[in-house]
Amino acid sequence: MSEFTEAMAQLAAGVAVVTVRDDRDDLGVTVSALMSVSADPPLVLVSLTSRGYLAEVLLRQDLWAASLLSSGQAAVASRFATAGRPSARHLVAGVPHHRGPRTSALIVGGGVAALELETARVVPAGDHTLFVAGVLAVDYVTPTVDPLVRLRGRYRPV
């Protein structure tokens, strides 16, 4: 682990699953680099590894979803973070989920919130690509459950 990576691991971050439905399959990945950019208009930003397949798909498919996970969903986060993972449809097996009505992307239920999004701008940034997206819909908000966070390389409850 580089000194920079270790330094950044000291910062707690919320954990989300980003999903997209392309022509062939459902894809998804766990992220901890998702943030609100603007309230008016509502915009979020997600940072993905440029060489990853999900980033490649988001360059051609503008509609996607982000499910912000709750403290009891570390297993879901781990499923979507595993290298060589299968279709997102298999990863949500046994987990409450549905398709977003505006994006057709899989949305994981039981989290703290879920958003349906449309990419508005793409910004190359080193070995990552930043996707700035407009919020098409807030699928659900559950303020009564605690979020899942990542700190020092581990998932942790708040």
# chains A, B, ... in the order shown; residues from 1 in each chain; ligands from 1
>>> residues_around(residues="range 112-126 of chain A", least_positions_apart="5", cutoff="9 Å", atoms="only C-alpha atoms", output="PyMOL selection string")
chain A and resi 16+43-44+47+50+58-59+61-71+100-103+105+107+131-148
>>> select_by_dssp(residues="chain A", states="helix (DSSP H, G or I)", output="number ranges by chain")
A: 3-8, 53-58, 74-81, 88-91
>>> select_by_dssp(residues="range 115-146 of chain A", states="strand (DSSP E or B)", output="list in words")
Leu115, Glu116, Leu117, Glu118, Thr119, Ala120, Arg121, Val122, Val123, Pro124, Ala125, His128, Thr129, Leu130, Phe131, Val132, Ala133, Gly134, Val135, Leu136, Ala137, Val138, Asp139, Tyr140 and Val141 of chain A
>>> residues_around(residues="Gln73 in chain A", least_positions_apart="5", cutoff="12 Å", atoms="only C-alpha atoms", output="list in words")
Gly14, Val15, Ala16, Val17, Thr30, Ser67, Leu68, Ser78, Arg79, Phe80, Val92, Val95, Pro96, Val108, Gly109, Gly110, Gly111, Val112, Val145, Asp146, Pro147, Leu148, Val149, Arg150, Tyr155, Arg156 and Pro157 of chain A
>>> write_last_selection(atoms="N, CA, C and O atoms", output="mmCIF file, in the first residue's frame")
data_model
loop_
_atom_site.group_PDB
_atom_site.id
_atom_site.type_symbol
_atom_site.label_atom_id
_atom_site.label_comp_id
_atom_site.auth_asym_id
_atom_site.auth_seq_id
_atom_site.Cartn_x
_atom_site.Cartn_y
_atom_site.Cartn_z
ATOM 1 N N GLY A 14 -18.842 6.792 2.955
ATOM 2 C CA GLY A 14 -20.032 5.974 2.778
ATOM 3 C C GLY A 14 -19.812 4.949 1.679
ATOM 4 O O GLY A 14 -18.987 5.137 0.781
ATOM 5 N N VAL A 15 -20.539 3.848 1.751
ATOM 6 C CA VAL A 15 -20.396 2.759 0.785
ATOM 7 C C VAL A 15 -21.682 2.647 -0.027
ATOM 8 O O VAL A 15 -22.788 2.654 0.540
ATOM 9 N N ALA A 16 -21.523 2.539 -1.340
ATOM 10 C CA ALA A 16 -22.667 2.415 -2.242
ATOM 11 C C ALA A 16 -22.384 1.343 -3.280
ATOM 12 O O ALA A 16 -21.231 0.978 -3.517
ATOM 13 N N VAL A 17 -23.438 0.852 -3.894
ATOM 14 C CA VAL A 17 -23.321 -0.043 -5.031
ATOM 15 C C VAL A 17 -23.855 0.709 -6.239
ATOM 16 O O VAL A 17 -24.994 1.194 -6.221
ATOM 17 N N THR A 30 -19.015 -2.003 -6.035
ATOM 18 C CA THR A 30 -19.029 -1.269 -4.775
ATOM 19 C C THR A 30 -18.109 -0.063 -4.892
ATOM 20 O O THR A 30 -16.998 -0.170 -5.417
ATOM 21 N N SER A 67 -27.132 2.636 -4.983
ATOM 22 C CA SER A 67 -27.800 2.217 -3.751
ATOM 23 C C SER A 67 -26.835 2.468 -2.600
ATOM 24 O O SER A 67 -25.756 1.874 -2.550
ATOM 25 N N LEU A 68 -27.201 3.369 -1.697
ATOM 26 C CA LEU A 68 -26.358 3.711 -0.553
ATOM 27 C C LEU A 68 -26.644 2.704 0.553
ATOM 28 O O LEU A 68 -27.764 2.627 1.054
ATOM 29 N N SER A 78 -19.332 -6.530 -0.108
ATOM 30 C CA SER A 78 -18.258 -7.471 -0.433
ATOM 31 C C SER A 78 -18.537 -8.223 -1.727
ATOM 32 O O SER A 78 -17.633 -8.442 -2.537
ATOM 33 N N ARG A 79 -19.791 -8.621 -1.943
ATOM 34 C CA ARG A 79 -20.142 -9.311 -3.194
ATOM 35 C C ARG A 79 -19.806 -8.457 -4.413
ATOM 36 O O ARG A 79 -19.242 -8.939 -5.389
ATOM 37 N N PHE A 80 -20.190 -7.195 -4.369
ATOM 38 C CA PHE A 80 -19.981 -6.310 -5.513
ATOM 39 C C PHE A 80 -18.543 -5.812 -5.625
ATOM 40 O O PHE A 80 -18.173 -5.219 -6.624
ATOM 41 N N VAL A 92 -27.373 -10.004 -6.381
ATOM 42 C CA VAL A 92 -28.491 -9.560 -5.544
ATOM 43 C C VAL A 92 -29.417 -10.712 -5.158
ATOM 44 O O VAL A 92 -30.433 -10.495 -4.505
ATOM 45 N N VAL A 95 -31.312 -10.936 -1.787
ATOM 46 C CA VAL A 95 -31.304 -9.585 -1.225
ATOM 47 C C VAL A 95 -32.492 -8.827 -1.827
ATOM 48 O O VAL A 95 -32.705 -8.897 -3.044
ATOM 49 N N PRO A 96 -33.270 -8.125 -1.013
ATOM 50 C CA PRO A 96 -34.368 -7.349 -1.599
ATOM 51 C C PRO A 96 -33.819 -6.374 -2.649
ATOM 52 O O PRO A 96 -32.836 -5.665 -2.401
ATOM 53 N N VAL A 108 -30.650 -1.977 -4.941
ATOM 54 C CA VAL A 108 -30.602 -2.816 -3.752
ATOM 55 C C VAL A 108 -31.507 -2.196 -2.691
ATOM 56 O O VAL A 108 -31.381 -1.011 -2.376
ATOM 57 N N GLY A 109 -32.422 -2.995 -2.161
ATOM 58 C CA GLY A 109 -33.292 -2.523 -1.097
ATOM 59 C C GLY A 109 -32.597 -2.621 0.248
ATOM 60 O O GLY A 109 -31.541 -3.239 0.374
ATOM 61 N N GLY A 110 -33.186 -2.007 1.244
ATOM 62 C CA GLY A 110 -32.672 -2.113 2.605
ATOM 63 C C GLY A 110 -31.525 -1.195 2.944
ATOM 64 O O GLY A 110 -30.972 -1.266 4.030
ATOM 65 N N GLY A 111 -31.163 -0.311 2.020
ATOM 66 C CA GLY A 111 -30.079 0.636 2.285
ATOM 67 C C GLY A 111 -30.597 1.898 2.944
ATOM 68 O O GLY A 111 -31.744 1.947 3.405
ATOM 69 N N VAL A 112 -29.752 2.915 2.988
ATOM 70 C CA VAL A 112 -30.179 4.193 3.562
ATOM 71 C C VAL A 112 -30.851 5.079 2.515
ATOM 72 O O VAL A 112 -31.631 5.958 2.858
ATOM 73 N N VAL A 145 -32.155 3.858 9.525
ATOM 74 C CA VAL A 145 -31.058 2.881 9.587
ATOM 75 C C VAL A 145 -29.730 3.604 9.425
ATOM 76 O O VAL A 145 -29.651 4.677 8.811
ATOM 77 N N ASP A 146 -28.674 3.024 9.987
ATOM 78 C CA ASP A 146 -27.349 3.627 9.903
ATOM 79 C C ASP A 146 -26.660 3.239 8.597
ATOM 80 O O ASP A 146 -26.839 2.120 8.104
ATOM 81 N N PRO A 147 -25.836 4.132 8.066
ATOM 82 C CA PRO A 147 -25.112 3.826 6.828
ATOM 83 C C PRO A 147 -23.917 2.908 7.081
ATOM 84 O O PRO A 147 -23.411 2.817 8.198
ATOM 85 N N LEU A 148 -23.494 2.237 6.028
ATOM 86 C CA LEU A 148 -22.254 1.460 6.051
ATOM 87 C C LEU A 148 -21.130 2.384 5.613
ATOM 88 O O LEU A 148 -21.285 3.154 4.662
ATOM 89 N N VAL A 149 -20.007 2.344 6.320
ATOM 90 C CA VAL A 149 -18.852 3.166 5.936
ATOM 91 C C VAL A 149 -17.628 2.272 5.756
ATOM 92 O O VAL A 149 -17.564 1.160 6.282
ATOM 93 N N ARG A 150 -16.685 2.800 5.007
ATOM 94 C CA ARG A 150 -15.396 2.128 4.819
ATOM 95 C C ARG A 150 -14.338 3.017 5.463
ATOM 96 O O ARG A 150 -14.250 4.205 5.186
ATOM 97 N N TYR A 155 -15.119 -2.474 6.077
ATOM 98 C CA TYR A 155 -16.489 -1.964 6.219
ATOM 99 C C TYR A 155 -16.819 -1.910 7.696
ATOM 100 O O TYR A 155 -16.504 -2.830 8.446
ATOM 101 N N ARG A 156 -17.460 -0.816 8.096
ATOM 102 C CA ARG A 156 -17.790 -0.635 9.508
ATOM 103 C C ARG A 156 -19.153 0.041 9.642
ATOM 104 O O ARG A 156 -19.506 0.881 8.826
ATOM 105 N N PRO A 157 -19.877 -0.310 10.708
ATOM 106 C CA PRO A 157 -21.107 0.445 10.994
ATOM 107 C C PRO A 157 -20.713 1.795 11.574
ATOM 108 O O PRO A 157 -19.600 1.972 12.063
#
>>> atom_distance(atom1="CA of Ser36 in chain A", atom2="CA of Tyr53 in chain A")
23.6 Å
>>> atom_distance(atom1="CA of Ala7 in chain A", atom2="CA of Arg154 in chain A")
14.4 Å
>>> closest_residue(among="A:Val20, A:Leu106, A:Met35, A:Leu151", to="Arg60 in chain A", atoms="only C-alpha atoms")
A:Val20
>>> atom_distance(atom1="CA of Arg21 in chain A", atom2="CA of Val46 in chain A")
16.9 Å
